[in-house]
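J.: Below is the file start_24.cif, with mmCIF, C-alpha atoms and all ligand atoms.
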```cif
data_target
loop_
_atom_site.label_atom_id
_atom_site.label_comp_id
_atom_site.auth_asym_id
_atom_site.auth_seq_id
_atom_site.Cartn_x
_atom_site.Cartn_y
_atom_site.Cartn_z
CA MET A 1 -0.70 16.61 20.27
CA ALA A 2 -1.42 15.13 16.90
CA ASP A 3 -1.78 17.97 14.43
CA ILE A 4 -4.55 17.65 11.94
CA GLU A 5 -3.71 18.89 8.49
CA PRO A 6 -6.32 19.12 5.78
CA GLU A 7 -5.29 17.43 2.58
CA ASP A 8 -6.64 18.37 -0.80
CA MET A 9 -8.11 15.36 -2.46
CA PRO A 10 -8.55 14.87 -6.20
CA ASP A 11 -12.23 15.60 -5.79
CA GLY A 12 -11.53 18.51 -3.46
CA ALA A 13 -12.86 16.88 -0.30
CA PRO A 14 -10.72 17.80 2.71
CA VAL A 15 -9.35 14.84 4.63
CA ALA A 16 -7.53 14.97 7.93
CA ARG A 17 -4.16 13.31 8.19
CA ARG A 18 -1.89 13.21 11.17
CA THR A 19 1.62 14.42 10.52
CA LEU A 20 4.74 13.04 12.07
CA LEU A 21 6.07 16.50 12.81
CA GLY A 22 2.88 17.14 14.70
CA MET A 23 3.47 14.12 16.87
CA LEU A 24 7.19 14.39 17.47
CA GLY A 25 7.80 18.10 17.26
CA LEU A 26 10.60 19.57 15.17
CA GLY A 27 13.14 19.47 18.00
CA ALA A 28 12.62 15.79 18.55
CA VAL A 29 13.18 15.18 14.88
CA GLY A 30 16.53 16.92 15.10
CA LEU A 31 17.52 14.79 18.09
CA ILE A 32 16.58 11.48 16.58
CA ALA A 33 18.01 12.38 13.18
CA ALA A 34 21.63 12.45 14.29
CA PRO A 35 22.13 8.76 15.12
CA TYR A 36 20.54 7.75 11.86
CA LEU A 37 22.81 9.82 9.68
CA GLN A 38 25.28 6.96 9.86
CA THR A 39 22.83 4.36 8.64
CA GLY A 40 21.32 6.67 6.09
CA TRP A 41 18.58 9.16 5.68
CA GLU A 42 16.25 6.58 4.25
CA GLY A 43 16.64 4.48 7.37
CA LEU A 44 15.60 7.41 9.50
CA LEU A 45 12.61 8.20 7.37
CA ALA A 46 11.47 4.61 7.42
CA LYS A 47 12.02 4.30 11.16
CA ALA A 48 10.25 7.56 11.80
CA SER A 49 7.26 6.62 9.72
CA GLN A 50 6.93 3.40 11.68
CA GLN A 51 6.35 5.51 14.75
CA ASP A 52 3.86 7.73 13.01
CA PRO A 53 1.48 7.50 10.10
CA THR A 54 2.30 10.19 7.61
CA GLY A 55 3.89 13.49 6.97
CA LEU A 56 7.46 13.84 8.23
CA THR A 57 8.91 13.10 4.86
CA GLY A 58 6.82 15.84 3.34
CA LEU A 59 9.19 18.33 4.91
CA LEU A 60 12.44 16.41 4.56
CA PRO A 61 14.44 15.44 1.50
CA ASN A 62 13.68 11.84 0.68
CA PRO A 63 15.87 9.75 -1.58
CA GLY A 64 14.11 8.08 -4.44
CA GLY A 65 11.13 10.38 -4.10
CA PHE A 66 9.05 7.99 -1.99
CA ARG A 67 7.50 8.73 1.35
CA TYR A 68 6.70 5.97 3.78
CA TYR A 69 3.15 5.78 4.98
CA SER A 70 1.47 3.74 7.67
CA VAL A 71 -1.75 4.44 9.50
CA VAL A 72 -0.46 2.57 12.56
CA ARG A 73 2.59 3.18 14.71
CA SER A 74 4.24 -0.18 14.25
CA VAL A 75 3.79 -3.12 11.95
CA PRO A 76 5.08 -6.65 12.65
CA ARG A 77 7.71 -7.94 10.27
CA LYS A 78 6.76 -10.98 8.25
CA GLY A 79 8.92 -13.09 6.00
CA GLU A 80 9.57 -16.50 4.52
CA ALA A 81 8.56 -18.43 7.64
CA ASP A 82 5.37 -16.66 8.65
CA TYR A 83 3.95 -14.72 5.72
CA GLU A 84 0.56 -15.89 4.41
CA LEU A 85 -1.95 -14.45 1.97
CA THR A 86 -5.49 -15.77 2.18
CA ILE A 87 -8.22 -15.48 -0.42
CA ASP A 88 -11.72 -16.13 0.81
CA GLY A 89 -15.28 -14.85 0.68
CA LEU A 90 -17.33 -15.61 -2.42
CA VAL A 91 -14.86 -18.07 -3.93
CA ASP A 92 -15.17 -21.75 -4.86
CA ARG A 93 -11.78 -22.64 -3.36
CA PRO A 94 -10.50 -20.53 -0.46
CA ARG A 95 -6.71 -20.38 -0.65
CA THR A 96 -3.74 -19.64 1.54
CA TYR A 97 -0.45 -18.82 -0.16
CA THR A 98 3.07 -18.71 1.23
CA LEU A 99 5.76 -16.59 -0.40
CA ALA A 100 7.03 -19.70 -2.19
CA ASP A 101 3.52 -20.37 -3.49
CA LEU A 102 3.28 -16.84 -4.86
CA ARG A 103 6.69 -17.07 -6.49
CA ALA A 104 5.60 -20.26 -8.26
CA PHE A 105 3.00 -18.31 -10.27
CA PRO A 106 4.07 -16.61 -13.50
CA GLN A 107 5.68 -13.30 -12.59
CA THR A 108 4.63 -10.12 -14.38
CA ARG A 109 6.50 -6.82 -14.52
CA VAL A 110 4.62 -3.53 -14.48
CA VAL A 111 6.43 -0.19 -14.84
CA HIS A 112 4.39 2.93 -14.20
CA ASP A 113 4.65 6.29 -12.46
CA VAL A 114 3.69 6.10 -8.78
CA ARG A 115 1.57 9.01 -7.54
CA CYS A 116 0.24 9.85 -4.09
CA THR A 117 -2.66 12.21 -3.53
CA ASP A 118 -0.29 14.29 -1.38
CA GLY A 119 1.34 15.43 -4.61
CA TRP A 120 4.56 13.46 -4.84
CA ARG A 121 5.34 11.27 -7.79
CA VAL A 122 8.06 8.78 -8.65
CA GLU A 123 8.52 8.07 -12.32
CA LYS A 124 8.69 4.66 -13.94
CA VAL A 125 8.85 2.38 -10.92
CA PRO A 126 9.20 -1.33 -11.73
CA PHE A 127 7.08 -3.78 -9.74
CA ASP A 128 7.09 -7.56 -10.22
CA GLY A 129 4.64 -10.11 -8.93
CA VAL A 130 1.59 -12.23 -9.61
CA ARG A 131 -1.30 -10.87 -11.61
CA LEU A 132 -4.21 -10.54 -9.22
CA SER A 133 -6.39 -12.05 -11.96
CA ASP A 134 -4.31 -15.26 -11.83
CA LEU A 135 -4.98 -15.62 -8.10
CA LEU A 136 -8.68 -14.96 -8.65
CA ASP A 137 -8.76 -17.69 -11.30
CA ASP A 138 -6.99 -20.04 -8.91
CA SER A 139 -9.61 -19.57 -6.19
CA GLY A 140 -12.58 -19.36 -8.53
CA VAL A 141 -14.76 -16.29 -8.04
CA GLY A 142 -18.38 -17.20 -7.36
CA ALA A 143 -21.32 -15.92 -9.41
CA ASN A 144 -22.23 -13.29 -6.79
CA GLY A 145 -18.71 -11.87 -6.56
CA LYS A 146 -18.57 -8.19 -7.53
CA ALA A 147 -15.61 -6.67 -5.69
CA LEU A 148 -12.57 -7.35 -3.52
CA SER A 149 -11.80 -6.24 0.00
CA PHE A 150 -8.09 -6.20 0.90
CA SER A 151 -6.77 -6.46 4.43
CA CYS A 152 -3.29 -5.94 5.82
CA PHE A 153 -1.24 -7.43 8.64
CA ASP A 154 -0.78 -3.95 10.10
CA GLY A 155 -4.25 -4.71 11.46
CA ALA A 156 -5.82 -1.47 10.27
CA TYR A 157 -5.52 -0.64 6.59
CA THR A 158 -8.05 -1.89 4.08
CA GLU A 159 -8.67 -1.27 0.41
CA SER A 160 -11.14 -2.21 -2.29
CA LEU A 161 -11.34 -2.83 -6.02
CA THR A 162 -14.17 -3.89 -8.26
CA LEU A 163 -13.56 -7.25 -9.91
CA GLU A 164 -13.29 -5.53 -13.26
CA GLN A 165 -10.54 -3.27 -11.93
CA ALA A 166 -8.82 -6.16 -10.18
CA ARG A 167 -8.65 -8.24 -13.35
CA ARG A 168 -6.65 -5.63 -15.26
CA ALA A 169 -3.27 -6.83 -16.43
CA ASP A 170 -1.54 -3.95 -14.59
CA VAL A 171 -2.82 -4.89 -11.12
CA LEU A 172 -0.35 -7.05 -9.22
CA VAL A 173 0.11 -8.83 -5.95
CA ALA A 174 3.67 -7.53 -5.91
CA LEU A 175 6.71 -9.32 -4.48
CA ARG A 176 9.38 -7.03 -5.87
CA MET A 177 9.76 -3.28 -6.27
CA GLN A 178 12.65 -1.54 -8.02
CA ASP A 179 14.26 -4.91 -8.79
CA ALA A 180 14.53 -6.06 -5.18
CA PRO A 181 12.24 -7.78 -2.69
CA ILE A 182 9.77 -5.25 -1.31
CA THR A 183 11.20 -3.85 1.91
CA HIS A 184 9.22 -3.87 5.14
CA GLU A 185 8.93 -0.09 4.94
CA HIS A 186 7.35 -0.29 1.49
CA GLY A 187 4.85 -2.93 2.66
CA GLY A 188 6.83 -6.12 2.12
CA PRO A 189 7.01 -8.94 1.72
CA VAL A 190 3.84 -8.53 -0.34
CA ARG A 191 1.83 -5.47 -1.28
CA LEU A 192 -0.81 -4.73 -3.82
CA TYR A 193 0.22 -2.65 -6.82
CA ALA A 194 -2.68 -1.09 -8.72
CA ALA A 195 -0.67 0.78 -11.35
CA PRO A 196 -3.47 2.84 -12.95
CA MET A 197 -4.60 4.28 -9.62
CA TYR A 198 -3.34 6.59 -6.91
CA PHE A 199 -0.90 4.81 -4.62
CA TYR A 200 -3.35 4.65 -1.70
CA LYS A 201 -5.05 1.81 -3.59
CA SER A 202 -1.83 -0.23 -3.33
CA ALA A 203 -2.28 -1.79 0.11
CA LYS A 204 1.00 -2.50 1.92
CA TRP A 205 1.58 -5.60 4.11
CA LEU A 206 -1.17 -7.41 2.20
CA SER A 207 -2.55 -10.41 4.08
CA GLY A 208 -6.11 -11.01 2.92
CA ILE A 209 -8.30 -10.75 -0.15
CA SER A 210 -11.99 -11.32 0.31
CA VAL A 211 -14.43 -11.53 -2.59
CA THR A 212 -17.54 -9.52 -1.76
CA ASP A 213 -20.90 -8.87 -3.41
CA ARG A 214 -20.38 -5.09 -3.32
CA VAL A 215 -17.60 -2.55 -2.95
CA VAL A 216 -16.65 -2.13 0.72
CA PRO A 217 -14.88 1.24 1.00
CA GLY A 218 -11.32 1.04 2.34
CA TYR A 219 -9.56 2.91 5.16
CA TRP A 220 -9.01 6.20 3.34
CA GLU A 221 -12.20 5.80 1.36
CA GLU A 222 -14.12 5.84 4.63
CA ARG A 223 -12.35 9.15 5.23
CA GLY A 224 -13.23 10.87 1.98
CA TYR A 225 -11.06 9.37 -0.74
CA ASP A 226 -12.58 8.37 -4.04
CA VAL A 227 -13.27 4.62 -4.13
CA ASP A 228 -12.14 4.69 -7.76
CA GLY A 229 -8.62 6.03 -7.47
CA TRP A 230 -7.93 6.38 -11.18
CA LEU A 231 -5.00 8.48 -12.22
CA ASP A 232 -6.01 11.02 -14.82
CA ASP A 233 -4.01 9.48 -17.64
CA THR A 234 -5.02 5.85 -17.24
CA ARG A 235 -8.58 4.83 -17.62
N1 LIG A 301 -1.18 -0.96 4.87
C1 LIG A 301 -1.07 0.29 4.35
N2 LIG A 301 -1.02 0.41 3.02
C2 LIG A 301 -0.91 1.65 2.45
C3 LIG A 301 -0.89 2.81 3.25
C4 LIG A 301 -0.94 2.65 4.66
O1 LIG A 301 -0.90 3.61 5.44
N3 LIG A 301 -1.02 1.37 5.17
N4 LIG A 301 -0.81 4.06 2.68
C5 LIG A 301 -1.18 4.17 1.27
C6 LIG A 301 -0.74 5.42 0.68
S1 LIG A 301 -1.71 6.79 0.93
C7 LIG A 301 0.36 5.48 -0.12
S2 LIG A 301 0.78 6.91 -0.93
C8 LIG A 301 1.25 4.33 -0.29
C9 LIG A 301 2.65 4.67 0.21
O2 LIG A 301 3.50 3.60 -0.07
P1 LIG A 301 5.02 3.70 0.44
O3 LIG A 301 4.97 3.86 1.93
O4 LIG A 301 5.66 2.42 -0.01
O5 LIG A 301 5.63 4.90 -0.24
O6 LIG A 301 0.81 3.17 0.41
C10 LIG A 301 -0.59 3.01 0.46
N5 LIG A 301 -0.85 1.75 1.10
MO MO A 302 -0.92 8.33 -0.60
#
```
Can you present the structure in this file as structure tokens?
Ligand SMILES: Nc1nc2c(c(=O)[nH]1)N[C@H]1C(S)=C(S)[C@@H](COP(=O)(O)O)O[C@H]1N2
Ligand SMILES: [Mo]
T.:
Amino acid sequence: MADIEPEDMPDGAPVARRTLLGMLGLGAVGLIAAPYLQTGWEGLLAKASQQDPTGLTGLLPNPGGFRYYSVVRSVPRKGEADYELTIDGLVDRPRTYTLADLRAFPQTRVVHDVRCTDGWRVEKVPFDGVRLSDLLDDSGVGANGKALSFSCFDGAYTESLTLEQARRADVLVALRMQDAPITHEHGGPVRLYAAPMYFYKSAKWLSGISVTDRVVPGYWEERGYDVDGWLDDTR
């Protein structure tokens, strides 16, 4: 009984998104909420959003202003022992990085307002990580490389950036968010953070970066989102 709710996009194109309330029903939310009150509201919201893509938090108070999104029902946890990020495609030197490898790169801090197309915003969120441009230099983008295609270990989400966008100083392969390691719920241990763009560009659970000869539209872009997700104030 997944409800379909139209969402107003920046360009006005309606896009269907499943809502958690649609899947669980309000009564079920009440029932599952109680046990989680002890561990915290945020724990419930995160847990709930692992069982459903989007939406519940739109109708519930959410600490810190974030909502947790996933287009799949559950995502494996990865950490120190099993996390890997690969860079391949049109590169001179395909690479695979562990968390320790990523930490060994210079770390950059970017603080910017986070904004989702659903309308919520969190002001001045600090992210720390490796500049995507540093990783691209490390693997050596080939002459035909024009864009990047990002994949995620949730097995479903994808995103894209042009190389020009990806090389901006405010685009990170992020390891930390709000001065702590990125939590699983927020896409840890590693997510993309494309500060000048709507948050859908910031792929969670990042596992692959492929250099392509053209822009390959990502998950939401196939469903109507603008491939260039620029925020109004940052171009
Ligand atoms: N892998 C993956 N990344 C994703 C998404 C997703 O569903 N799956 N949702 C996107 C959208 S629309 C937003 S607003 C942010 C939400 O990030 P958060 O869950 O940390 O708040 O992640 C983006 N990256
Ligand atoms: Mo979003």
J.: Collect all residues with atoms no farther than 6 Å from ligand LIG 301 (chain A), counting only C-alpha atoms and all ligand atoms, and output them as a PyMOL selection string.
T.: chain A and resi 66-71+116+152+157+186+199-200+202-205
J.: Considering only C-alpha atoms and all ligand atoms, can you say which of A:Arg191, A:Arg115, A:Arg168, A:Arg131 comes closest to ligand MO 302 (chain A)?
T.: A:Arg115
J.: So, with only C-alpha atoms and all ligand atoms as the atoms that count, which of A:Asp138, A:Asp179, A:Glu159, A:Asp118 lies closest to ligand MO 302 (chain A)?
T.: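 Smallest distance to ligand MO 302 (chain A) is found for A:Asp118.
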J.: Nearest to ligand MO 302 (chain A): which of A:Ile182, A:Val227, A:Leu135, A:Val114 is it, counting only C-alpha atoms and all ligand atoms?
T.: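 Counting only C-alpha atoms and all ligand atoms, the residue closest to ligand MO 302 (chain A) is A:Val114.
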J.: Report the distance between atom CA of A:Val122 and atom CA of A:Val173 in Å, rounded to one decimal place.
T.: 19.5 Å
J.: Measuring between only C-alpha atoms, which one of A:Val130, A:Ala147, A:Leu206, A:Val190 shows the shortest distance to A:Gln165?
T.: A:Ala147
J.: What separation in Å, quoted to one decimal, exists between atom CA of A:Gly145 and atom CA of A:Leu132?
T.: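 Separation of atom CA of A:Gly145 and atom CA of A:Leu132: 14.8 Å.
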J.: Measuring atom to atom with all atoms listed in the file, identify which of A:Asp228, A:Asp82, A:Asp128, A:Asp88 is nearest to A:Ala100.
T.: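 Distance minimum relative to A:Ala100 lands on A:Asp82.
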J.: If you measure from atom CA of A:Gly79 to atom CA of A:Ser139, what distance in Å do you get, rounded to one decimal?
T.: 23.1 Å
J.: Counting all atoms listed in the file, select every polymer residue within 12 Å of (11.1, -8.4, -4.5) as defined in the file's coordinates, and provide the selection as a PyMOL selection string.
T.: chain A and resi 79+99+102-103+107-109+126-130+173-184+186-191
J.: Calculated over only C-alpha atoms and all ligand atoms, which of the candidates A:Met197, A:Val215, A:Ala143, A:Ile209 has the smallest distance to ligand MO 302 (chain A)?
T.: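 Counting only C-alpha atoms and all ligand atoms, the residue closest to ligand MO 302 (chain A) is A:Met197.
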J.: Can you pull out every residue within 8 Å of A:Gly89, counting all atoms listed in the file, but drop anything in the same chain fewer than 6 positions away, and send it as a short mmCIF file (atom, residue, chain, number, x, y, z; two decimals) with C-alpha atoms, in the frame of the given file?
T.:
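Okay, this is what ended up in selection26.cif:
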```
data_model
loop_
_atom_site.label_atom_id
_atom_site.label_comp_id
_atom_site.auth_asym_id
_atom_site.auth_seq_id
_atom_site.Cartn_x
_atom_site.Cartn_y
_atom_site.Cartn_z
CA SER A 210 -11.99 -11.32 0.31
CA VAL A 211 -14.43 -11.53 -2.59
CA THR A 212 -17.54 -9.52 -1.76
#
```
J.: Hey, can you pull every residue with an atom no more than 7 Å from (4.0, 4.6, -11.4), using only C-alpha atoms, and send it as a list in words?
T.: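 Checking each residue against the 7 Å limit leaves Val111, His112, Asp113, Val114, Arg115, Val122, Glu123, Lys124, Val125 and Ala195 of chain A.
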J.: Counting all atoms listed in the file, what is within 10 Å of A:Gly229, bar same-chain residues fewer than 6 positions away, as number ranges by chain?
T.: A: 10, 117, 161, 194, 196-201, 221
